[in-house]
$ cat entry18.csv   # CSV, C-alpha atoms
chain,number,residue,atom,x,y,z
A,1,MET,CA,0.0,0.0,0.0
A,2,GLY,CA,2.4,2.7,-1.2
A,3,ASP,CA,-0.2,5.3,-2.1
A,4,LEU,CA,-1.8,6.1,1.3
A,5,ARG,CA,-2.9,9.7,1.7
A,6,SER,CA,-2.9,11.7,4.9
A,7,LEU,CA,-6.1,13.2,6.4
A,8,ALA,CA,-4.5,16.6,5.5
A,9,ASP,CA,-4.4,15.6,1.8
A,10,LEU,CA,-8.1,14.8,1.6
A,11,SER,CA,-10.6,17.1,0.0
A,12,ASP,CA,-12.9,18.9,2.5
A,13,GLU,CA,-15.8,16.5,1.7
A,14,GLU,CA,-13.6,13.4,2.1
A,15,ARG,CA,-12.2,14.7,5.3
A,16,THR,CA,-15.7,15.3,6.7
A,17,ALA,CA,-16.5,11.7,5.9
A,18,ALA,CA,-13.3,10.4,7.5
A,19,GLU,CA,-14.1,12.5,10.6
A,20,ALA,CA,-17.5,10.9,11.0
A,21,LEU,CA,-15.9,7.5,10.6
A,22,LEU,CA,-13.3,8.3,13.2
A,23,PHE,CA,-15.9,9.5,15.7
A,24,ARG,CA,-17.8,6.1,15.4
A,25,LEU,CA,-14.6,4.2,16.0
A,26,ALA,CA,-13.3,6.4,18.8
A,27,ASP,CA,-16.5,6.8,20.7
A,28,ASP,CA,-17.3,3.1,20.7
A,29,GLU,CA,-13.9,2.3,22.2
A,30,PHE,CA,-13.9,5.1,24.7
A,31,VAL,CA,-17.4,4.4,26.2
A,32,LEU,CA,-16.9,0.6,26.2
A,33,ALA,CA,-13.6,1.0,28.2
A,34,GLU,CA,-15.4,3.3,30.6
A,35,ARG,CA,-18.1,0.7,31.2
A,36,TYR,CA,-15.6,-2.2,31.5
A,37,THR,CA,-13.7,-0.4,34.3
A,38,GLU,CA,-16.8,-0.7,36.5
A,39,TRP,CA,-15.8,-4.4,37.0
A,40,GLN,CA,-12.6,-3.4,38.6
A,41,VAL,CA,-12.3,-5.0,42.1
A,42,ILE,CA,-15.7,-6.8,41.7
A,43,ALA,CA,-15.0,-9.3,38.9
A,44,PRO,CA,-15.5,-12.9,40.0
A,45,THR,CA,-11.8,-13.6,40.6
A,46,LEU,CA,-8.6,-11.6,40.8
A,47,GLU,CA,-7.5,-13.1,37.4
A,48,SER,CA,-10.7,-12.1,35.6
A,49,ASP,CA,-10.6,-8.7,37.2
A,50,LEU,CA,-7.1,-8.1,35.8
A,51,ALA,CA,-7.9,-9.5,32.4
A,52,LEU,CA,-11.0,-7.3,31.9
A,53,SER,CA,-9.2,-4.2,33.3
A,54,ASN,CA,-6.4,-4.9,30.9
A,55,ILE,CA,-8.9,-5.1,28.0
A,56,ALA,CA,-10.4,-1.8,29.2
A,57,GLN,CA,-7.0,-0.2,29.0
A,58,ASP,CA,-6.5,-1.6,25.5
A,59,GLU,CA,-9.8,-0.1,24.4
A,60,LEU,CA,-8.8,3.2,25.9
A,61,GLY,CA,-5.6,3.0,24.0
A,62,HIS,CA,-7.6,2.4,20.8
A,63,ALA,CA,-9.8,5.4,21.6
A,64,ARG,CA,-6.6,7.4,22.0
A,65,VAL,CA,-5.4,6.3,18.5
A,66,TRP,CA,-8.6,7.5,16.9
A,67,TYR,CA,-9.0,10.7,19.0
A,68,ASP,CA,-5.4,11.5,18.1
A,69,ALA,CA,-6.3,11.4,14.5
A,70,LEU,CA,-9.1,13.8,15.1
A,71,ASN,CA,-6.7,16.0,17.1
A,72,ARG,CA,-4.7,16.3,13.9
A,73,ILE,CA,-7.6,17.8,12.0
A,74,GLY,CA,-8.4,20.5,14.4
A,75,HIS,CA,-10.2,18.8,17.4
A,76,THR,CA,-8.9,19.4,20.9
A,77,GLU,CA,-9.1,17.1,24.0
A,78,GLN,CA,-11.7,19.4,25.4
A,79,SER,CA,-13.9,19.3,22.4
A,80,LEU,CA,-13.5,15.5,21.9
A,81,VAL,CA,-14.4,14.4,25.4
A,82,TRP,CA,-14.6,16.8,28.3
A,83,GLU,CA,-16.8,19.6,26.9
A,84,ARG,CA,-18.6,17.7,24.2
A,85,ASP,CA,-22.3,17.5,24.3
A,86,PRO,CA,-23.3,13.9,25.1
A,87,GLY,CA,-25.8,14.0,22.2
A,88,SER,CA,-23.0,14.3,19.7
A,89,PHE,CA,-21.3,11.1,20.7
A,90,ARG,CA,-21.7,8.4,18.0
A,91,HIS,CA,-21.1,5.2,19.8
A,92,SER,CA,-23.4,2.2,19.5
A,93,THR,CA,-25.9,1.8,22.4
A,94,LEU,CA,-24.4,-1.6,23.1
A,95,VAL,CA,-21.4,0.0,24.8
A,96,GLU,CA,-23.3,2.5,27.0
A,97,LEU,CA,-25.7,0.2,28.8
A,98,PRO,CA,-25.0,-0.5,32.4
A,99,PHE,CA,-24.2,-4.1,33.3
A,100,GLU,CA,-26.9,-6.2,34.8
A,101,GLU,CA,-26.1,-6.0,38.5
A,102,GLY,CA,-23.2,-8.4,39.1
A,103,ASP,CA,-23.8,-10.4,35.9
A,104,TRP,CA,-20.4,-11.5,34.6
A,105,ALA,CA,-22.2,-13.1,31.6
A,106,ASP,CA,-23.3,-9.6,30.6
A,107,ALA,CA,-19.7,-8.4,30.4
A,108,ILE,CA,-18.6,-11.5,28.5
A,109,VAL,CA,-21.5,-11.5,25.9
A,110,ARG,CA,-21.1,-7.8,25.3
A,111,SER,CA,-17.4,-8.2,24.8
A,112,TYR,CA,-17.9,-11.1,22.4
A,113,LEU,CA,-20.5,-9.3,20.3
A,114,TYR,CA,-18.3,-6.2,20.2
A,115,ASP,CA,-15.0,-7.9,19.5
A,116,VAL,CA,-16.3,-9.9,16.5
A,117,ALA,CA,-17.6,-6.6,15.1
A,118,GLU,CA,-14.4,-4.8,15.8
A,119,ASP,CA,-12.5,-7.5,13.9
A,120,LEU,CA,-14.6,-7.0,10.8
A,121,ARG,CA,-14.6,-3.3,11.1
A,122,LEU,CA,-10.8,-3.1,11.3
A,123,ASP,CA,-10.6,-5.1,8.1
A,124,ALA,CA,-12.8,-2.6,6.4
A,125,VAL,CA,-10.9,0.4,7.8
A,126,ALA,CA,-7.6,-1.1,6.6
A,127,GLU,CA,-8.9,-0.5,3.0
A,128,SER,CA,-9.5,3.2,3.6
A,129,GLY,CA,-6.3,4.3,1.9
A,130,VAL,CA,-5.8,6.9,4.7
A,131,HIS,CA,-2.6,6.9,6.7
A,132,GLU,CA,-4.1,7.8,10.1
A,133,LEU,CA,-6.7,5.1,9.7
A,134,VAL,CA,-4.5,2.3,8.3
A,135,ASP,CA,-1.2,2.7,10.2
A,136,PRO,CA,-2.5,1.8,13.7
A,137,ILE,CA,-4.4,-1.3,12.6
A,138,GLU,CA,-1.7,-3.8,13.1
A,139,LYS,CA,-1.1,-2.8,16.7
A,140,LEU,CA,-4.8,-2.7,17.4
A,141,ARG,CA,-5.2,-6.2,16.0
A,142,SER,CA,-2.5,-7.7,18.1
A,143,GLU,CA,-4.5,-6.6,21.2
A,144,GLU,CA,-7.9,-7.5,19.7
A,145,GLU,CA,-6.9,-11.1,19.3
A,146,TYR,CA,-6.6,-11.5,23.1
A,147,HIS,CA,-10.0,-9.8,23.6
A,148,LEU,CA,-11.7,-12.3,21.3
A,149,GLN,CA,-10.0,-15.3,22.8
A,150,HIS,CA,-10.9,-14.1,26.3
A,151,ALA,CA,-14.6,-13.7,25.4
A,152,GLN,CA,-14.8,-17.0,23.5
A,153,GLN,CA,-13.1,-19.0,26.2
A,154,TRP,CA,-15.3,-17.6,28.9
A,155,LEU,CA,-18.4,-18.2,26.9
A,156,GLU,CA,-17.5,-21.8,26.3
A,157,ARG,CA,-17.0,-22.3,30.0
A,158,LEU,CA,-20.1,-20.4,31.1
A,159,CYS,CA,-22.3,-22.3,28.7
A,160,ASP,CA,-21.0,-25.6,30.0
A,161,ASP,CA,-23.1,-25.1,33.1
A,162,ALA,CA,-26.9,-24.9,33.1
A,163,ASP,CA,-27.0,-21.8,35.3
A,164,GLY,CA,-24.2,-20.1,33.3
A,165,LEU,CA,-26.0,-20.9,30.0
A,166,ASP,CA,-29.2,-19.2,31.4
A,167,HIS,CA,-27.2,-16.1,32.2
A,168,VAL,CA,-25.6,-16.1,28.7
A,169,GLN,CA,-29.0,-16.5,27.1
A,170,ASP,CA,-30.5,-13.6,29.1
A,171,ALA,CA,-27.6,-11.3,28.3
A,172,THR,CA,-27.8,-12.2,24.6
A,173,ASP,CA,-31.5,-11.5,24.6
A,174,ARG,CA,-31.0,-8.3,26.4
A,175,LEU,CA,-28.0,-7.0,24.4
A,176,PHE,CA,-28.6,-8.3,20.9
A,177,GLU,CA,-30.7,-5.5,19.5
A,178,HIS,CA,-28.2,-3.0,20.9
A,179,ALA,CA,-25.3,-4.9,19.3
A,180,LEU,CA,-27.1,-4.5,16.0
A,181,THR,CA,-26.7,-0.8,16.3
A,182,LEU,CA,-23.0,-1.3,15.7
A,183,TRP,CA,-24.0,-1.6,12.1
A,184,VAL,CA,-26.5,1.3,11.9
A,185,PRO,CA,-25.3,4.0,9.5
A,186,GLY,CA,-24.7,7.5,11.0
A,187,PRO,CA,-23.8,10.9,9.5
A,188,GLU,CA,-21.9,10.8,6.3
A,189,ALA,CA,-22.7,7.2,5.7
A,190,ALA,CA,-23.1,7.6,2.0
A,191,ALA,CA,-19.9,9.7,1.7
A,192,ILE,CA,-17.9,7.2,3.7
A,193,GLU,CA,-18.8,4.5,1.2
A,194,GLU,CA,-18.5,6.8,-1.9
A,195,TYR,CA,-14.9,7.8,-1.0
A,196,GLY,CA,-13.9,4.2,-0.2
A,197,LEU,CA,-13.1,4.9,3.4
A,198,ARG,CA,-14.8,1.6,4.4
A,199,GLY,CA,-13.6,-1.4,2.5
A,200,ASP,CA,-16.9,-3.2,3.1
A,201,SER,CA,-20.5,-2.0,3.5
A,202,LEU,CA,-22.2,-1.9,6.9
A,203,ALA,CA,-24.9,-4.3,5.6
A,204,SER,CA,-22.3,-6.8,4.4
A,205,MET,CA,-20.3,-6.7,7.6
A,206,ARG,CA,-23.6,-7.1,9.6
A,207,ARG,CA,-24.3,-10.3,7.6
A,208,GLN,CA,-20.8,-11.7,8.3
A,209,TRP,CA,-21.1,-10.7,11.9
A,210,LEU,CA,-24.5,-12.4,12.3
A,211,ASP,CA,-23.1,-15.5,10.7
A,212,THR,CA,-20.1,-15.6,13.0
A,213,VAL,CA,-21.8,-14.8,16.3
A,214,GLY,CA,-24.9,-16.9,15.4
A,215,SER,CA,-23.0,-20.1,14.6
A,216,PHE,CA,-20.7,-19.8,17.6
A,217,LEU,CA,-23.5,-19.0,20.1
A,218,GLU,CA,-25.7,-21.7,18.7
A,219,SER,CA,-22.9,-24.2,19.0
A,220,LEU,CA,-22.9,-23.4,22.7
A,221,GLY,CA,-26.6,-24.0,23.1
A,222,VAL,CA,-27.7,-20.3,23.0
A,223,THR,CA,-30.8,-19.5,21.0
A,224,MET,CA,-30.4,-16.5,18.7
A,225,PRO,CA,-32.9,-13.8,19.4
A,226,LEU,CA,-33.1,-13.3,15.6
A,227,ASP,CA,-34.2,-15.8,13.0
A,228,PRO,CA,-32.1,-16.0,9.9
A,229,GLU,CA,-34.9,-14.6,7.7
A,230,ASP,CA,-35.6,-11.7,10.1
A,231,ASP,CA,-34.8,-8.2,8.9
A,232,PRO,CA,-32.3,-6.9,11.4
A,233,ALA,CA,-33.9,-3.4,11.0
A,234,ASP,CA,-37.0,-4.8,12.7
A,235,HIS,CA,-34.9,-5.5,15.8
A,236,ARG,CA,-33.7,-1.9,16.2
A,237,PRO,CA,-33.9,-0.3,19.6
A,238,ALA,CA,-35.5,3.1,20.0
A,239,ALA,CA,-32.1,4.8,20.3
A,240,VAL,CA,-29.3,3.6,18.1
A,241,GLY,CA,-26.4,5.8,19.2
A,242,ARG,CA,-25.0,6.4,15.7
A,243,ASP,CA,-27.3,9.4,15.0
A,244,GLY,CA,-26.8,10.9,18.5
A,245,SER,CA,-29.9,9.3,20.0
A,246,HIS,CA,-29.0,7.4,23.1
A,247,THR,CA,-30.5,5.5,26.0
A,248,ASP,CA,-31.0,7.4,29.3
A,249,HIS,CA,-28.0,5.6,30.6
A,250,TRP,CA,-25.6,7.6,28.4
A,251,PRO,CA,-26.1,11.2,29.7
A,252,ARG,CA,-25.7,9.8,33.2
A,253,LEU,CA,-22.4,8.0,32.4
A,254,HIS,CA,-21.2,11.1,30.5
A,255,ASP,CA,-22.0,13.2,33.6
A,256,ASP,CA,-20.0,10.8,35.8
A,257,LEU,CA,-17.0,10.7,33.6
A,258,THR,CA,-16.8,14.5,33.2
A,259,GLU,CA,-17.7,15.2,36.8
A,260,THR,CA,-14.1,15.8,38.0
A,261,TYR,CA,-13.3,18.0,35.1
A,262,ARG,CA,-16.3,20.2,35.9
A,263,GLU,CA,-15.8,20.1,39.6
A,264,LEU,CA,-12.3,21.3,39.4
A,265,ASP,CA,-13.4,24.0,37.0
A,266,ARG,CA,-10.9,22.8,34.4
A,267,SER,CA,-10.6,24.4,31.0
A,268,ASP,CA,-7.4,22.8,29.8
A,269,VAL,CA,-6.4,19.1,29.7
A,270,ARG,CA,-2.9,17.9,30.2
A,271,ARG,CA,-1.7,15.0,28.2
A,272,LEU,CA,0.1,12.3,30.1
A,273,ARG,CA,3.5,11.4,28.7
A,274,GLY,CA,2.7,9.1,25.8
A,275,GLU,CA,4.7,7.0,23.4
A,276,SER,CA,4.7,9.9,20.9
A,277,ALA,CA,5.6,12.6,23.5
B,278,MET,CA,-6.6,-24.8,40.4
B,279,ARG,CA,-3.2,-23.2,40.9
B,280,TRP,CA,-0.5,-22.7,38.3
B,281,GLU,CA,3.1,-21.5,38.7
B,282,VAL,CA,4.3,-19.0,36.3
B,283,PHE,CA,7.9,-18.6,35.1
B,284,ARG,CA,9.0,-15.6,33.0
B,285,GLN,CA,11.8,-15.2,30.5
B,286,ASP,CA,12.8,-11.6,29.8
B,287,LYS,CA,14.5,-12.3,26.6
B,288,ARG,CA,15.3,-15.2,24.3
B,289,GLY,CA,18.1,-17.4,25.7
B,290,ASP,CA,17.5,-16.3,29.3
B,291,TYR,CA,16.4,-18.6,32.0
B,292,HIS,CA,12.7,-18.7,32.9
B,293,LYS,CA,12.5,-17.4,36.4
B,294,HIS,CA,9.6,-18.1,38.8
B,295,CYS,CA,7.5,-14.9,39.1
B,296,GLY,CA,4.4,-16.0,40.9
B,297,ASP,CA,1.2,-18.0,40.6
B,298,ILE,CA,-2.3,-17.7,39.2
B,299,HIS,CA,-5.7,-19.4,39.6
B,300,ALA,CA,-7.4,-20.8,36.6
B,301,PRO,CA,-9.7,-23.7,35.9
B,302,ASP,CA,-7.7,-25.2,33.0
B,303,ARG,CA,-4.6,-24.8,30.9
B,304,GLU,CA,-6.2,-22.6,28.3
B,305,MET,CA,-7.5,-20.0,30.8
B,306,ALA,CA,-4.3,-20.2,32.7
B,307,THR,CA,-2.2,-19.1,29.7
B,308,LEU,CA,-4.8,-16.3,29.1
B,309,PHE,CA,-4.6,-15.0,32.7
B,310,ALA,CA,-0.8,-15.5,33.0
B,311,GLN,CA,-0.1,-13.1,30.1
B,312,ILE,CA,-1.9,-10.3,31.8
B,313,GLN,CA,-0.8,-11.0,35.4
B,314,HIS,CA,2.8,-11.7,34.8
B,315,GLY,CA,3.7,-10.6,31.2
B,316,ARG,CA,2.1,-7.2,31.1
B,317,ARG,CA,4.4,-4.8,32.9
B,318,MET,CA,7.8,-6.5,32.7
B,319,THR,CA,9.6,-7.1,29.4
B,320,THR,CA,8.5,-10.6,28.5
B,321,ASN,CA,9.7,-13.0,25.8
B,322,SER,CA,8.1,-16.1,27.0
B,323,LEU,CA,6.1,-17.6,30.0
B,324,TRP,CA,6.0,-21.2,31.3
B,325,VAL,CA,2.7,-22.0,33.0
B,326,VAL,CA,2.8,-25.2,35.1
B,327,PRO,CA,0.2,-26.8,37.3
B,328,SER,CA,1.4,-26.3,40.8
B,329,ASP,CA,0.9,-30.0,41.5
B,330,GLU,CA,3.3,-30.9,38.9
B,331,VAL,CA,6.2,-29.1,40.6
B,332,THR,CA,8.2,-31.6,42.7
B,333,GLU,CA,10.1,-30.1,45.6
B,334,ILE,CA,13.1,-31.5,47.4
B,335,ASP,CA,14.6,-29.4,50.2
B,336,THR,CA,17.3,-29.3,52.9
B,337,GLU,CA,15.2,-31.5,55.1
B,338,ASP,CA,15.2,-34.2,52.5
B,339,THR,CA,18.8,-34.1,51.4
B,340,ALA,CA,22.2,-32.6,52.0
B,341,PHE,CA,22.7,-30.7,48.8
B,342,GLY,CA,26.3,-31.1,47.6
B,343,GLY,CA,27.1,-33.6,50.4
B,344,ARG,CA,28.8,-32.7,53.7
B,345,THR,CA,32.5,-33.7,53.4
B,346,ASP,CA,35.3,-31.5,52.0
B,347,LYS,CA,35.1,-31.3,48.2
B,348,ALA,CA,37.2,-28.2,47.7
B,349,TYR,CA,38.4,-29.6,44.4
B,350,ARG,CA,35.0,-28.8,43.1
B,351,TRP,CA,35.3,-25.1,43.4
B,352,ALA,CA,36.8,-23.2,40.5
B,353,THR,CA,38.3,-20.7,43.0
B,354,THR,CA,40.6,-23.5,44.4
B,355,TYR,CA,42.7,-23.3,41.2
B,356,ASN,CA,45.0,-20.5,40.4
B,357,VAL,CA,44.0,-19.8,36.8
B,358,ASP,CA,43.9,-16.5,35.0
B,359,ALA,CA,40.3,-16.6,33.7
B,360,SER,CA,40.3,-13.2,32.1
B,361,PHE,CA,40.6,-14.8,28.7
B,362,ALA,CA,37.0,-16.0,28.8
B,363,LYS,CA,34.2,-14.0,30.2
B,364,GLU,CA,32.0,-16.9,31.1
B,365,VAL,CA,34.8,-18.6,33.1
B,366,GLU,CA,35.5,-15.3,34.9
B,367,ASP,CA,31.8,-14.9,35.6
B,368,SER,CA,31.5,-18.4,36.9
B,369,GLU,CA,34.5,-17.8,39.2
B,370,LYS,CA,32.9,-14.7,40.6
B,371,GLU,CA,29.7,-16.4,41.2
B,372,GLN,CA,31.5,-19.2,43.0
B,373,ALA,CA,33.4,-16.7,45.1
B,374,ALA,CA,30.2,-15.0,46.1
B,375,VAL,CA,28.6,-18.4,47.1
B,376,GLU,CA,31.6,-19.2,49.2
B,377,ARG,CA,31.5,-15.9,51.0
B,378,GLU,CA,27.9,-16.5,51.8
B,379,ARG,CA,28.6,-20.1,52.8
B,380,GLY,CA,31.3,-18.9,55.1
B,381,ALA,CA,29.0,-16.4,56.7
B,382,THR,CA,26.3,-19.0,57.3
B,383,ALA,CA,28.9,-21.5,58.6
B,384,SER,CA,30.3,-19.0,61.2
B,385,GLU,CA,26.8,-18.1,62.3
B,386,GLY,CA,26.2,-21.7,62.8
B,387,GLU,CA,29.3,-22.1,64.8
B,388,GLY,CA,28.4,-19.2,67.0
B,389,ASP,CA,25.2,-20.9,67.9
B,390,ASP,CA,26.9,-24.1,69.0

$ encode --input "entry18.csv" --output "structure tokens"
Amino acid sequence: MGDLRSLADLSDEERTAAEALLFRLADDEFVLAERYTEWQVIAPTLESDLALSNIAQDELGHARVWYDALNRIGHTEQSLVWERDPGSFRHSTLVELPFEEGDWADAIVRSYLYDVAEDLRLDAVAESGVHELVDPIEKLRSEEEYHLQHAQQWLERLCDDADGLDHVQDATDRLFEHALTLWVPGPEAAAIEEYGLRGDSLASMRRQWLDTVGSFLESLGVTMPLDPEDDPADHRPAAVGRDGSHTDHWPRLHDDLTETYRELDRSDVRRLRGESA
Amino acid sequence: MRWEVFRQDKRGDYHKHCGDIHAPDREMATLFAQIQHGRRMTTNSLWVVPSDEVTEIDTEDTAFGGRTDKAYRWATTYNVDASFAKEVEDSEKEQAAVERERGATASEGEGDD
């Protein structure tokens, strides 16, 4: 791939489309990481606690990658996170839902549905032809592999037990329509496709995702909440995230995560020393 | 189930014991070991071993090295200029350090008698 372009080299229209794509990617990772950290100290065992916390840190690292790209085209830390209106976040509603109280299966099912999607999505982004989108993918992938293994191995073991299988089924029933919002188009959807920023269409990725998660979950004895002939659009929750509509849980979470910033009356954000600093 | 974890910093180094983890089976054990023991330190490889599979033999079971004088074993007994080979020199230094320590332990022991 010798002919990658930088975000700075894109036309204004192309850049606006790339920006919309970056917000989808970044916001998903950021909000999911924020939710995962709620398991810290209360996961079933010390080992599972550390594993999920580490996954949360990975996802924060991925959010950092995509927010950094947005930084380069004029966004600031404040405008990206701390002072941004919760209604302009573009993440899927899957990542903003609170966990069912103490239900580890919720965290595992959510992570599985998300990580399979992320795998497909990174493949598509790798075809974008844009440096800032393509360059980080190899690093991200090396971490994603662990996430998927972690989720699959947990699912296999949870479903080996009748009670565990019930929990996985409940979590799947509860989360599935929200997971489908991972594939709902948002702003600039047509432009993203037109300019080739996404190597595969959302509809095609959704099909592959449904195939993959459907066959794996069914092999474990989980009943899919969606029949193969169902139109996924009929299973869409009231809020889909991608267009800025969110469940009531999101403004609350956003409020929590920006509370210190507001309380301390901050207006600037200091970057920690990073690899690029 | 408990597993012992051994970490190797870089290729060619020894694997050194770095702690343990709890995991129901081998697959999960390797998954958890990576995070718990390979995340912060430079890691080239981990050995993950069921704790039950580690056989211990200690000073109560045996006299390591025997009890009688075997000074001829120690590299430091011989007057050789080892500076021509770094590994020999290192080995001598290691031996000398062990002897110093052994001497200290022995005299402590004598004091107690």

$ atom_distance --input "entry18.csv" --atom1 "CA of Arg90 (chain A)" --atom2 "CA of Tyr261 (chain A)"
21.3 Å

$ interface_residues --input "entry18.csv" --of "chain B" --to "chain A" --cutoff "10 Å" --atoms "all atoms listed in the file" --output "PyMOL selection string"
chain B and resi 298-301+304-306+308-313+316

$ closest_atom_pairs --input "entry18.csv" --of "region 291-367 of chain B" --to "region 372-377 of chain B" --cutoff "8 Å" --atoms "only C-alpha atoms" --output "tab-separated table"
residue	atom	partner	partner_atom	distance
B:Trp351	CA	B:Gln372	CA	7.0
B:Ala352	CA	B:Gln372	CA	7.1
B:Thr353	CA	B:Ala373	CA	6.7

$ closest_residue --input "entry18.csv" --among "A:Gly199, A:Gly87, A:Pro187, A:Pro98" --to "Leu22 (chain A)" --atoms "all atoms listed in the file"
A:Pro187

$ residues_around --input "entry18.csv" --residues "Val134 (chain A)" --least-positions-apart "2" --cutoff "10 Å" --atoms "only C-alpha atoms" --output "list in words"
Met1, Leu4, Leu122, Asp123, Ala124, Val125, Ala126, Glu127, Ser128, Gly129, Val130, His131, Glu132, Pro136, Ile137 and Glu138 of chain A

$ atom_distance --input "entry18.csv" --atom1 "CA of Ala340 (chain B)" --atom2 "CA of Arg379 (chain B)"
14.1 Å

$ residues_near_point --input "entry18.csv" --point "(2.2, -24.2, 31.0)" --cutoff "10 Å" --atoms "only C-alpha atoms" --output "list in words"
Trp280, Glu281, Val282, Phe283, Arg303, Glu304, Ala306, Thr307, Ala310, Leu323, Trp324, Val325, Val326 and Pro327 of chain B

$ residues_around --input "entry18.csv" --residues "Gly61 (chain A)" --least-positions-apart "3" --cutoff "10 Å" --atoms "all atoms listed in the file" --output "ChimeraX atom specification"
/A:26,29-30,33,55-58,64-67,140

$ write_last_selection --input "entry18.csv" --atoms "C-alpha atoms" --output "PDB file, in the coordinates of the input"
ATOM      1  CA  ALA A  26     -13.300   6.400  18.800  1.00  0.00           C
ATOM      2  CA  GLU A  29     -13.900   2.300  22.200  1.00  0.00           C
ATOM      3  CA  PHE A  30     -13.900   5.100  24.700  1.00  0.00           C
ATOM      4  CA  ALA A  33     -13.600   1.000  28.200  1.00  0.00           C
ATOM      5  CA  ILE A  55      -8.900  -5.100  28.000  1.00  0.00           C
ATOM      6  CA  ALA A  56     -10.400  -1.800  29.200  1.00  0.00           C
ATOM      7  CA  GLN A  57      -7.000  -0.200  29.000  1.00  0.00           C
ATOM      8  CA  ASP A  58      -6.500  -1.600  25.500  1.00  0.00           C
ATOM      9  CA  ARG A  64      -6.600   7.400  22.000  1.00  0.00           C
ATOM     10  CA  VAL A  65      -5.400   6.300  18.500  1.00  0.00           C
ATOM     11  CA  TRP A  66      -8.600   7.500  16.900  1.00  0.00           C
ATOM     12  CA  TYR A  67      -9.000  10.700  19.000  1.00  0.00           C
ATOM     13  CA  LEU A 140      -4.800  -2.700  17.400  1.00  0.00           C
TER      14      LEU A 140
END

$ atom_distance --input "entry18.csv" --atom1 "CA of His235 (chain A)" --atom2 "CA of Leu175 (chain A)"
11.1 Å

$ residues_around --input "entry18.csv" --residues "Met318 (chain B)" --least-positions-apart "2" --cutoff "10 Å" --atoms "all atoms listed in the file" --output "PyMOL selection string"
chain B and resi 284-286+314-316+320-321

$ residues_around --input "entry18.csv" --residues "region 264-273 of chain A" --least-positions-apart "3" --cutoff "8 Å" --atoms "all atoms listed in the file" --output "list in words"
Glu77, Gln78, Thr260, Tyr261 and Ala277 of chain A

$ closest_residue --input "entry18.csv" --among "A:Asp211, A:Asp27, A:Glu194, A:Glu100" --to "Ala63 (chain A)" --atoms "all atoms listed in the file"
A:Asp27

$ residues_around --input "entry18.csv" --residues "region 10-16 of chain A" --least-positions-apart "6" --cutoff "9 Å" --atoms "only C-alpha atoms" --output "count of residues only"
7

$ decode --input "entry18.csv" --residues "region 314-323 of chain B" --atoms "N, CA, C and O atoms" --output "compact mmCIF listing (two decimals), in the first residue's frame"
# COMPACT_ATOMS: atom_id res chain seq x y z
N HIS B 314 1.38 -11.66 34.60
CA HIS B 314 2.84 -11.71 34.76
C HIS B 314 3.61 -11.26 33.53
O HIS B 314 4.83 -11.18 33.58
N GLY B 315 2.93 -10.98 32.44
CA GLY B 315 3.67 -10.59 31.24
C GLY B 315 3.35 -9.19 30.76
O GLY B 315 3.75 -8.78 29.68
N ARG B 316 2.59 -8.45 31.56
CA ARG B 316 2.07 -7.19 31.07
C ARG B 316 3.00 -6.03 31.36
O ARG B 316 3.21 -5.17 30.52
N ARG B 317 3.59 -6.01 32.55
CA ARG B 317 4.37 -4.83 32.92
C ARG B 317 5.86 -5.02 32.69
O ARG B 317 6.58 -4.06 32.46
N MET B 318 6.35 -6.26 32.84
CA MET B 318 7.77 -6.51 32.67
C MET B 318 8.02 -6.94 31.22
O MET B 318 7.15 -7.51 30.60
N THR B 319 9.23 -6.67 30.74
CA THR B 319 9.57 -7.14 29.41
C THR B 319 9.48 -8.67 29.41
O THR B 319 10.08 -9.31 30.27
N THR B 320 8.74 -9.20 28.51
CA THR B 320 8.53 -10.65 28.52
C THR B 320 8.71 -11.23 27.13
O THR B 320 8.14 -10.73 26.16
N ASN B 321 9.53 -12.27 27.07
CA ASN B 321 9.67 -12.96 25.79
C ASN B 321 8.86 -14.25 25.80
O ASN B 321 8.34 -14.66 24.76
N SER B 322 8.77 -14.87 26.98
CA SER B 322 8.05 -16.14 27.04
C SER B 322 7.63 -16.44 28.48
O SER B 322 8.26 -15.95 29.43
N LEU B 323 6.56 -17.18 28.63
CA LEU B 323 6.11 -17.62 29.96
C LEU B 323 5.97 -19.14 29.96
O LEU B 323 5.53 -19.71 28.96
